[in-house]
Structure formats: structure tokens, C-alpha cells
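To be precise, the following lines are start.txt, and they hold compact mmCIF, C-alpha atoms and all ligand atoms.
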```
# COMPACT_ATOMS: atom_id res chain seq x y z
CA MET A 17 -17.55 19.56 -1.26
CA ARG A 18 -19.77 16.80 0.08
CA LEU A 19 -18.89 15.10 3.33
CA THR A 20 -19.45 11.39 3.11
CA GLU A 21 -17.94 10.09 6.31
CA ILE A 22 -16.91 11.49 9.63
CA ALA A 23 -15.44 9.11 12.13
CA PHE A 24 -13.75 10.02 15.38
CA GLY A 25 -12.40 8.48 18.50
CA LYS A 26 -9.78 8.61 21.16
CA PRO A 27 -6.63 6.88 19.96
CA ALA A 28 -4.75 4.77 22.46
CA LEU A 29 -1.70 6.64 23.66
CA PRO A 30 1.38 4.44 23.57
CA GLY A 31 2.63 3.75 27.04
CA VAL A 32 -0.19 5.62 28.83
CA THR A 33 -2.34 3.36 30.98
CA LYS A 34 -5.81 4.23 32.24
CA GLU A 35 -4.36 4.79 35.70
CA ARG A 36 -1.67 7.16 34.43
CA ARG A 37 -4.26 8.97 32.32
CA ARG A 38 -6.37 9.58 35.44
CA ARG A 39 -3.31 11.08 37.06
CA GLY A 40 -2.91 13.55 34.23
CA ALA A 41 -0.78 11.70 31.73
CA SER A 42 -3.44 12.41 29.12
CA ARG A 43 -2.08 15.92 28.89
CA THR A 44 0.65 14.40 26.79
CA ARG A 45 -0.30 15.25 23.26
CA PRO A 46 -0.83 12.11 21.21
CA PRO A 47 1.32 11.67 18.14
CA GLU A 48 0.08 13.62 15.15
CA PHE A 49 -1.81 11.53 12.69
CA LYS A 50 -0.06 11.68 9.39
CA THR A 51 -2.19 12.90 6.57
CA SER A 52 -3.05 9.69 4.81
CA LEU A 53 -4.71 9.68 1.44
CA MET A 54 -6.11 6.22 0.99
CA ARG A 55 -7.58 6.04 -2.48
CA GLY A 56 -7.64 9.82 -2.36
CA ILE A 57 -10.58 10.11 -0.01
CA ARG A 58 -9.45 9.51 3.55
CA LEU A 59 -7.82 12.04 5.80
CA PRO A 60 -7.25 11.62 9.51
CA VAL A 61 -6.92 14.96 11.29
CA CYS A 62 -5.43 15.20 14.76
CA PHE A 63 -7.94 16.76 17.14
CA ARG A 64 -6.83 17.43 20.69
CA TYR A 65 -6.92 14.05 22.40
CA GLY A 66 -9.26 12.52 19.90
CA TYR A 67 -9.01 12.28 16.19
CA VAL A 68 -11.30 13.05 13.34
CA ARG A 69 -11.30 11.13 10.13
CA VAL A 70 -13.11 12.81 7.29
CA ASN A 71 -14.01 11.28 3.96
CA TRP A 72 -15.31 13.32 1.12
CA ILE A 73 -15.49 13.28 -2.62
CA ASP A 74 -13.43 16.04 -4.09
CA GLN A 75 -9.74 15.34 -3.63
CA ALA A 76 -8.90 18.87 -4.78
CA GLU A 77 -10.53 20.25 -1.64
CA ILE A 78 -8.62 18.15 0.88
CA GLY A 79 -6.32 21.00 1.79
CA VAL A 80 -9.21 23.38 2.32
CA LEU A 81 -11.00 21.09 4.73
CA ASN A 82 -7.80 20.28 6.58
CA MET A 83 -7.18 24.00 7.14
CA ARG A 84 -10.74 24.60 8.30
CA MET A 85 -10.44 21.76 10.77
CA LYS A 86 -7.36 23.26 12.31
CA LEU A 87 -8.91 26.71 12.52
CA LEU A 88 -12.06 25.53 14.23
CA SER A 89 -12.15 25.30 17.98
CA SER A 90 -13.03 21.95 19.49
CA VAL A 91 -16.56 23.03 20.30
CA ALA A 92 -17.15 24.63 16.91
CA LEU A 93 -15.76 21.52 15.24
CA ALA A 94 -18.11 19.27 17.19
CA ALA A 95 -21.02 21.54 16.27
CA SER A 96 -20.11 21.58 12.59
CA MET A 97 -19.81 17.81 12.64
CA ALA A 98 -23.24 17.53 14.24
CA LEU A 99 -24.66 19.67 11.44
CA ALA A 100 -22.95 17.48 8.87
CA ILE A 101 -24.31 14.30 10.38
CA GLY A 102 -27.11 14.15 7.84
CA SER A 103 -24.61 13.41 5.10
CA VAL A 104 -22.44 11.08 7.12
CA ALA A 105 -21.85 7.64 5.69
CA HIS A 106 -20.49 4.83 7.79
CA ALA A 107 -20.05 1.12 7.44
CA SER A 108 -23.47 -0.42 7.83
CA THR A 109 -25.80 -2.97 6.28
CA ASN A 110 -25.12 -3.93 2.68
CA LEU A 111 -28.20 -3.04 0.63
CA ILE A 112 -27.13 -5.15 -2.34
CA THR A 113 -28.72 -8.55 -2.89
CA ASN A 114 -26.17 -11.25 -3.62
CA GLY A 115 -23.26 -8.80 -3.84
CA SER A 116 -20.90 -11.74 -3.42
CA PHE A 117 -22.49 -13.59 -6.40
CA SER A 118 -22.60 -16.70 -4.25
CA SER A 119 -26.22 -17.42 -5.21
CA SER A 120 -27.35 -18.56 -8.66
CA THR A 121 -29.58 -21.12 -10.33
CA TYR A 122 -26.62 -22.69 -12.11
CA ALA A 123 -25.25 -26.10 -11.25
CA ALA A 124 -22.52 -26.10 -8.63
CA GLY A 125 -19.01 -26.23 -10.04
CA THR A 126 -19.93 -24.74 -13.42
CA ASN A 127 -19.34 -21.49 -15.26
CA ASP A 128 -22.24 -20.16 -17.30
CA GLN A 129 -23.04 -17.31 -19.61
CA PHE A 130 -26.05 -15.20 -18.74
CA GLY A 131 -28.01 -12.12 -19.76
CA THR A 132 -30.87 -11.18 -22.07
CA GLY A 133 -28.76 -11.98 -25.12
CA PHE A 134 -26.90 -15.04 -23.92
CA GLY A 135 -28.53 -17.74 -21.85
CA GLY A 136 -31.12 -15.90 -19.74
CA GLN A 137 -31.00 -14.82 -16.11
CA GLY A 138 -29.59 -17.11 -13.46
CA VAL A 139 -27.70 -14.84 -11.09
CA THR A 140 -29.82 -14.12 -8.03
CA GLY A 141 -30.69 -10.45 -7.60
CA TRP A 142 -28.98 -9.32 -10.80
CA THR A 143 -30.09 -8.78 -14.39
CA GLY A 144 -27.59 -9.40 -17.15
CA GLY A 145 -27.71 -6.97 -20.07
CA SER A 146 -27.92 -7.65 -23.79
CA GLY A 147 -24.15 -8.03 -24.03
CA TYR A 148 -22.01 -10.94 -22.92
CA GLN A 149 -21.75 -11.86 -19.25
CA LEU A 150 -20.14 -14.88 -17.63
CA TYR A 151 -21.06 -16.29 -14.24
CA GLU A 152 -17.86 -17.72 -12.85
CA GLY A 153 -19.16 -20.22 -10.33
CA THR A 154 -15.92 -22.13 -10.18
CA SER A 155 -12.33 -21.81 -11.43
CA PRO A 156 -11.84 -19.08 -14.09
CA GLN A 157 -10.04 -21.74 -16.13
CA THR A 158 -13.13 -23.95 -16.38
CA PRO A 159 -14.86 -23.43 -19.74
CA ALA A 160 -18.34 -21.94 -19.42
CA SER A 161 -21.26 -24.13 -20.39
CA SER A 162 -23.26 -23.06 -23.45
CA GLN A 163 -20.43 -20.76 -24.29
CA TYR A 164 -20.51 -18.18 -27.00
CA GLY A 165 -17.70 -18.61 -29.53
CA GLY A 166 -16.30 -21.68 -27.80
CA GLY A 167 -13.71 -22.33 -25.12
CA GLU A 168 -14.67 -19.42 -22.92
CA ARG A 169 -12.16 -19.86 -20.14
CA PHE A 170 -9.57 -17.43 -18.81
CA TYR A 171 -5.84 -17.65 -19.22
CA ASP A 172 -4.03 -19.46 -16.42
CA SER A 173 -2.63 -16.08 -15.32
CA PHE A 174 -6.11 -15.33 -13.94
CA ASN A 175 -5.34 -17.42 -10.89
CA ALA A 176 -6.26 -15.30 -7.86
CA ALA A 177 -9.55 -15.40 -5.99
CA SER A 178 -11.18 -12.03 -5.40
CA PRO A 179 -10.98 -10.54 -1.89
CA ASP A 180 -14.64 -11.55 -1.58
CA GLY A 181 -13.85 -15.13 -2.61
CA GLY A 182 -15.97 -17.72 -4.36
CA ALA A 183 -18.05 -16.95 -7.42
CA PHE A 184 -17.85 -13.71 -9.40
CA VAL A 185 -19.02 -12.38 -12.75
CA ALA A 186 -16.97 -11.42 -15.80
CA ILE A 187 -18.36 -8.97 -18.34
CA ASP A 188 -17.30 -8.41 -21.94
CA GLY A 189 -16.23 -4.84 -22.70
CA ASP A 190 -16.08 -5.38 -26.46
CA ALA A 191 -18.15 -2.61 -28.06
CA ASP A 192 -19.95 -5.17 -30.24
CA VAL A 193 -21.27 -7.18 -27.29
CA ARG A 194 -20.69 -4.77 -24.42
CA GLY A 195 -22.09 -6.39 -21.32
CA SER A 196 -23.60 -5.07 -18.12
CA ILE A 197 -25.35 -6.22 -14.99
CA SER A 198 -27.94 -4.28 -13.02
CA GLN A 199 -29.85 -4.36 -9.77
CA THR A 200 -32.72 -2.08 -8.78
CA LEU A 201 -32.83 -0.80 -5.20
CA ASN A 202 -35.94 0.50 -3.44
CA ASN A 203 -36.63 2.61 -0.36
CA LEU A 204 -33.61 4.83 -0.92
CA GLU A 205 -33.40 8.04 1.07
CA ILE A 206 -33.35 10.98 -1.31
CA GLY A 207 -30.40 13.25 -0.68
CA LYS A 208 -28.43 10.63 1.23
CA VAL A 209 -24.93 9.71 0.11
CA TYR A 210 -24.51 6.01 -0.54
CA THR A 211 -21.11 4.35 -0.46
CA LEU A 212 -20.46 1.74 -3.14
CA THR A 213 -17.48 -0.59 -2.88
CA PHE A 214 -16.61 -3.50 -5.14
CA ASP A 215 -13.72 -5.71 -6.20
CA TRP A 216 -12.80 -5.81 -9.84
CA ALA A 217 -10.14 -7.05 -12.20
CA ALA A 218 -9.32 -7.40 -15.89
CA GLY A 219 -8.53 -10.63 -17.68
CA GLN A 220 -8.57 -12.25 -21.07
CA LEU A 221 -10.16 -15.36 -22.49
CA ALA A 222 -7.62 -18.05 -23.29
CA ASN A 223 -8.48 -18.52 -26.95
CA ARG A 224 -7.52 -14.96 -27.92
CA SER A 225 -4.30 -12.93 -27.99
CA GLY A 226 -3.44 -9.24 -27.83
CA ALA A 227 -3.31 -6.46 -25.24
CA THR A 228 -6.58 -5.05 -23.89
CA THR A 229 -7.94 -2.27 -21.71
CA GLU A 230 -10.86 -2.62 -19.30
CA GLN A 231 -12.91 -0.37 -17.08
CA PHE A 232 -16.36 -0.18 -15.50
CA ALA A 233 -18.81 2.66 -15.94
CA VAL A 234 -20.97 2.51 -12.82
CA THR A 235 -24.36 4.19 -12.94
CA PHE A 236 -26.66 4.64 -9.94
CA GLY A 237 -29.77 6.64 -10.73
CA GLY A 238 -28.71 9.51 -12.96
CA GLN A 239 -25.09 9.57 -11.81
CA THR A 240 -22.28 7.71 -13.58
CA ILE A 241 -18.76 7.21 -12.24
CA ASN A 242 -16.00 5.44 -14.16
CA THR A 243 -13.28 3.32 -12.66
CA ALA A 244 -9.70 3.74 -13.75
CA VAL A 245 -8.66 2.01 -16.97
CA LEU A 246 -6.74 -1.24 -16.54
CA ASN A 247 -4.16 -2.13 -19.20
CA ILE A 248 -3.12 -5.74 -19.49
CA ALA A 249 -0.73 -7.45 -21.84
CA SER A 250 -1.74 -10.36 -24.03
CA GLY A 251 -2.65 -13.32 -21.84
CA GLY A 252 -2.37 -11.20 -18.71
CA PHE A 253 -4.40 -10.61 -15.59
CA SER A 254 -4.56 -7.32 -13.70
CA GLY A 255 -4.98 -8.79 -10.24
CA TRP A 256 -7.94 -7.80 -8.06
CA GLN A 257 -8.45 -4.31 -6.74
CA THR A 258 -11.11 -2.55 -4.74
CA ALA A 259 -13.00 0.56 -5.83
CA THR A 260 -15.00 2.97 -3.67
CA MET A 261 -17.55 5.40 -5.08
CA PHE A 262 -20.12 7.78 -3.61
CA PHE A 263 -23.57 8.36 -5.04
CA THR A 264 -26.33 10.67 -3.88
CA ALA A 265 -29.81 9.22 -4.20
CA THR A 266 -32.20 11.44 -6.15
CA GLN A 267 -35.08 8.94 -6.31
CA ALA A 268 -36.48 6.39 -3.88
CA THR A 269 -35.98 3.68 -6.49
CA GLN A 270 -32.80 3.62 -8.52
CA THR A 271 -30.96 1.08 -10.64
CA LEU A 272 -27.30 0.27 -10.12
CA THR A 273 -25.56 -0.78 -13.33
CA PHE A 274 -22.03 -1.97 -14.03
CA LEU A 275 -21.21 -1.49 -17.71
CA SER A 276 -17.99 -3.05 -19.00
CA ILE A 277 -16.03 -0.82 -21.37
CA GLY A 278 -13.00 -2.29 -23.09
CA THR A 279 -10.75 -2.11 -26.10
CA PRO A 280 -10.13 -3.36 -28.68
CA ASN A 281 -13.05 -5.22 -30.20
CA GLY A 282 -12.81 -8.94 -30.82
CA LEU A 283 -10.38 -10.17 -28.17
CA PRO A 284 -12.50 -9.66 -25.99
CA PRO A 285 -11.54 -7.47 -23.03
CA MET A 286 -13.19 -8.94 -19.93
CA ALA A 287 -13.76 -7.13 -16.62
CA ALA A 288 -14.44 -9.21 -13.50
CA LEU A 289 -16.64 -8.03 -10.64
CA ASP A 290 -17.23 -9.28 -7.10
CA GLY A 291 -17.93 -8.15 -3.54
CA VAL A 292 -20.45 -5.40 -4.38
CA SER A 293 -21.57 -3.42 -1.34
CA LEU A 294 -23.82 -0.37 -1.05
CA THR A 295 -24.24 1.19 2.38
CA VAL A 296 -25.88 4.20 4.00
CA PRO A 297 -25.69 5.35 7.63
CA GLU A 298 -28.02 3.73 10.13
CA PRO A 299 -29.56 5.37 13.22
CA ALA A 300 -27.48 3.05 15.39
CA THR A 301 -24.33 4.40 13.78
CA TRP A 302 -25.42 7.96 14.40
CA ALA A 303 -26.21 7.14 18.01
CA MET A 304 -22.71 5.72 18.42
CA MET A 305 -21.28 8.88 16.91
CA LEU A 306 -23.30 11.09 19.26
CA VAL A 307 -21.91 9.07 22.16
CA GLY A 308 -18.52 9.80 20.66
CA PHE A 309 -19.26 13.54 20.62
CA GLY A 310 -20.11 13.28 24.30
CA GLY A 311 -16.82 11.49 24.88
CA ILE A 312 -14.84 14.25 23.22
CA GLY A 313 -16.71 16.86 25.27
CA ALA A 314 -15.92 14.94 28.45
CA MET A 315 -12.25 14.80 27.47
CA ILE A 316 -12.20 18.53 26.91
CA ARG A 317 -13.86 19.17 30.28
CA ARG A 318 -11.45 16.84 32.05
CA ARG A 319 -8.52 18.61 30.47
CA ARG A 320 -9.79 22.02 31.53
CA GLN A 321 -10.36 20.79 35.06
CA THR A 322 -6.87 19.33 35.10
CA LEU A 323 -5.39 22.58 33.89
CA VAL A 324 -7.32 24.58 36.51
CA ALA A 325 -6.15 22.19 39.24
CA ALA A 326 -2.57 22.55 38.08
CA CA A 401 -17.72 -13.78 -4.57
```
Can you present the structure in this file as C-alpha cells?
Amino acid sequence: MRLTEIAFGKPALPGVTKERRRRGASRTRPPEFKTSLMRGIRLPVCFRYGYVRVNWIDQAEIGVLNMRMKLLSSVALAASMALAIGSVAHASTNLITNGSFSSSTYAAGTNDQFGTGFGGQGVTGWTGGSGYQLYEGTSPQTPASSQYGGGERFYDSFNAASPDGGAFVAIDGDADVRGSISQTLNNLEIGKVYTLTFDWAAGQLANRSGATTEQFAVTFGGQTINTAVLNIASGGFSGWQTATMFFTATQATQTLTFLSIGTPNGLPPMAALDGVSLTVPEPATWAMMLVGFGGIGAMIRRRRQTLVAA
């Protein structure tokens, strides 16, 4: 098991004001947090008057960690969390350049093919592979300039902007021209867990017909994680979804690559990508968490004092 995020805080108690809490109303136990598995990685655990939210990688071990949390005393839990702080990941600065694909050398209002095999490199911060990549700088229904094969626009069903908005890239998963995009990151901290999130979707080009499957194989350093496989009917669009992955840096410099894998050949299956974010904890985040530890300790002390006074 590898912890990737620990967040905690003091949830607001419904109907309990600060004044009432000073008078002892905080002894009312807050409502239990329901075990919530968001994308299989998030689990809030009720912890006295605070709460602990733990993210980790292996869904099969959720029950084990939950049990350990309940068995640990408050102090032991705080200590174990302090020890785990080195592997804590929390929302922080995005290390990716142009993760929103808003920057390119292409003319505004155009769609363009790019990559080493098709049209060269024009997407800031990214390198297109030898396969087929489209830079969608405007509507997915606008044919790409210098297109390969002709009429490279998406079906009208591909009509939703990504959660990130604006431009995105679309990558051919056809095994004959399997596309990819990459970005190399420097100054990584070896042993640290990095959190990768991105928006992705599957769609088809309008001059083809037939059902397809799409997925991304995401490689960072020597580690590869695959998304789920999207199945779409002929002329269909999967809609956008968000993926979260965790990678441990093993080198100071590593390359992040999104490889499109689709079936069958010839249609082609196209996977869209946007909103790429890679984060690692910052000292400021840790400092905030240490303040939080202090807050939990203070709550525990207040409770004990209250109980003694009663
Ligand atoms: Ca975008």
C-alpha cells in the first residue's frame, strides 16, 4: 500500500455555533462520514471531532486501512500520519507545461495535425509522436488543415467542450498510425508520488463508420498505467471524463507519454485529451497540514479538559 494523500480537518457541525461549541456542544459526535469511494481511491474516515481523508493506490486494501484507522488511538494516528507525510500528495502547482493545450503556433480558429510524422511540432511544451495527432484549436467539427486522408473532422455528436475548455488534442489509436504525445519533466523528487489528472474522451472522424474502442496508456518514467477502455458506437462520442493516476518518480528527469490505443484499424479510433495536471506536495501544504495536526491535538485536549470539568 502506498499512501498518496492524507487530508484532515474539523467538519462544521450542523447547528453548532462557535459559542455553543465553547460551552461544550462540541461533545456532540459529528455525523459519521460515509465511506465514499470516488474513483476507487478516496475514503473519508471519521476521527473524533475531525476527519481524515486518505487516498491510496490499491483499492483492494481499503478495508485494511479503514480498520487500522479505527484501531489506532488519536495520538497514534496523528503520529503515523506524520510519518507518512513524506509520501503525502496534495493539490499544488501543476508541473505540466501547457496542460490545457491553450498555447500553440497554429493560427487561431484552426485545427491542425502535428507530430514527427504529420506536420511537425506546433503544440507548446509537447512533442507529437510518429503517429497521427490532431490539435483541436477550435470546434471538433472544423476540418483540420493539411489533413491526412481528407475531411478530418469529428462527427457532430462530439459536441461537448472538455471540463478544461478551449483547445485539446485528439490522438489516433489505430495500430497502423498509433499516435502519442510526450513531455519531459525535470527536477523531479525521486521517491515522491506524483498525482496525474487529465480529461479524456473517445470520438470518431466523420468520414468513417463503425464501432471503435479507445484507451490511453500513460507512461511516466518506467511506469505505465492504462485508462479504462471506452466503447463507442459508429458515429458516437463517449463524453468527457476525468482520470487520476499516481506515479512514483524514480529519476530526476522523466518523460510523460500519452499513447492512444484503439481498435479496429482504419476507422480510426480517436482519443481526445485535455486538462493535464501533474502535482506533488509543496512545503506550504505540509506546513498547513502540521497546523492541522496541532488543531486536532488542541481539540483532543479541549475535550479532555471538558470531560474532567464535567
Ligand atoms: Ca483545453
Query - Among the residues A:Ala268, A:Ala191, A:Val292, A:Ala183, the one that comes closest to ligand CA 401 (chain A) [using only C-alpha atoms and all ligand atoms] - result: A:Ala183
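Distance-wise, CA of Ile206 in chain A and CA of Ser293 in chain A end up 18.6 Å apart.
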Requested in this report: Can you tell me which residues come within 7 Å of ligand CA 401 (chain A) when counting all atoms listed in the file, ideally as a VMD selection string?
Outcome: chain A and resid 116 to 118 178 180 to 184 290 to 291
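Close contacts of Gln270 in chain A, defined as residues with an atom at most 10 Å away when counting only C-alpha atoms, with chain neighbours fewer than 5 positions off set aside, comprise Gln199, Thr200, Leu201, Asn202, Asn203, Leu204, Thr235, Phe236, Gly237, Gly238 and Ala265 of chain A.
Between Glu152 in chain A and the candidates A:Pro285, A:Gly125, A:Gly278, A:Gly195, the tightest atom-to-atom separation, counting all atoms listed in the file, involves A:Gly125.
Each of A:Thr140, A:Thr229, A:Thr132, A:Gln257 was compared to Ser120 in chain A using only C-alpha atoms, and A:Thr140 turns out to be the nearest.
Nearest to Phe214 in chain A of all the residues A:Phe174, A:Tyr122, A:Phe262, A:Phe134 is A:Phe262, counting all atoms listed in the file.
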Query raised in the report: So what do you get for CA of Gln231 in chain A versus CA of Ala218 in chain A, distance-wise?
Result: 8.0 Å
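Restricting the calculation to all atoms listed in the file, the smallest distance between Ser155 in chain A and any of A:Trp142, A:Asn247, A:Gly133, A:Asp128 is found for A:Asp128.
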Query raised in the report: CA of Gly147 in chain A and CA of Gly255 in chain A, how far apart in Å?
Result: 23.6 Å
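Restricting the calculation to only C-alpha atoms, the smallest distance between Val234 in chain A and any of A:Gln267, A:Trp216, A:Val296, A:Phe274 is found for A:Phe274.
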Query - Residues near Gly135 in chain A, cut-off 12 Å, only C-alpha atoms, skip fewer than 2 positions along chain, as a ChimeraX atom specification - result: /A:122,127-133,137-139,143-151,160-164
Query raised in the report: Could you name the residues that touch range 211-213 of chain A at 10 Å or less, counting all atoms listed in the file, but leaving out those on the same chain fewer than 2 positions away, as a ChimeraX atom specification?
Result: /A:20-21,105-108,110-112,208-209,215-216,234,236,258-264,272,290-297
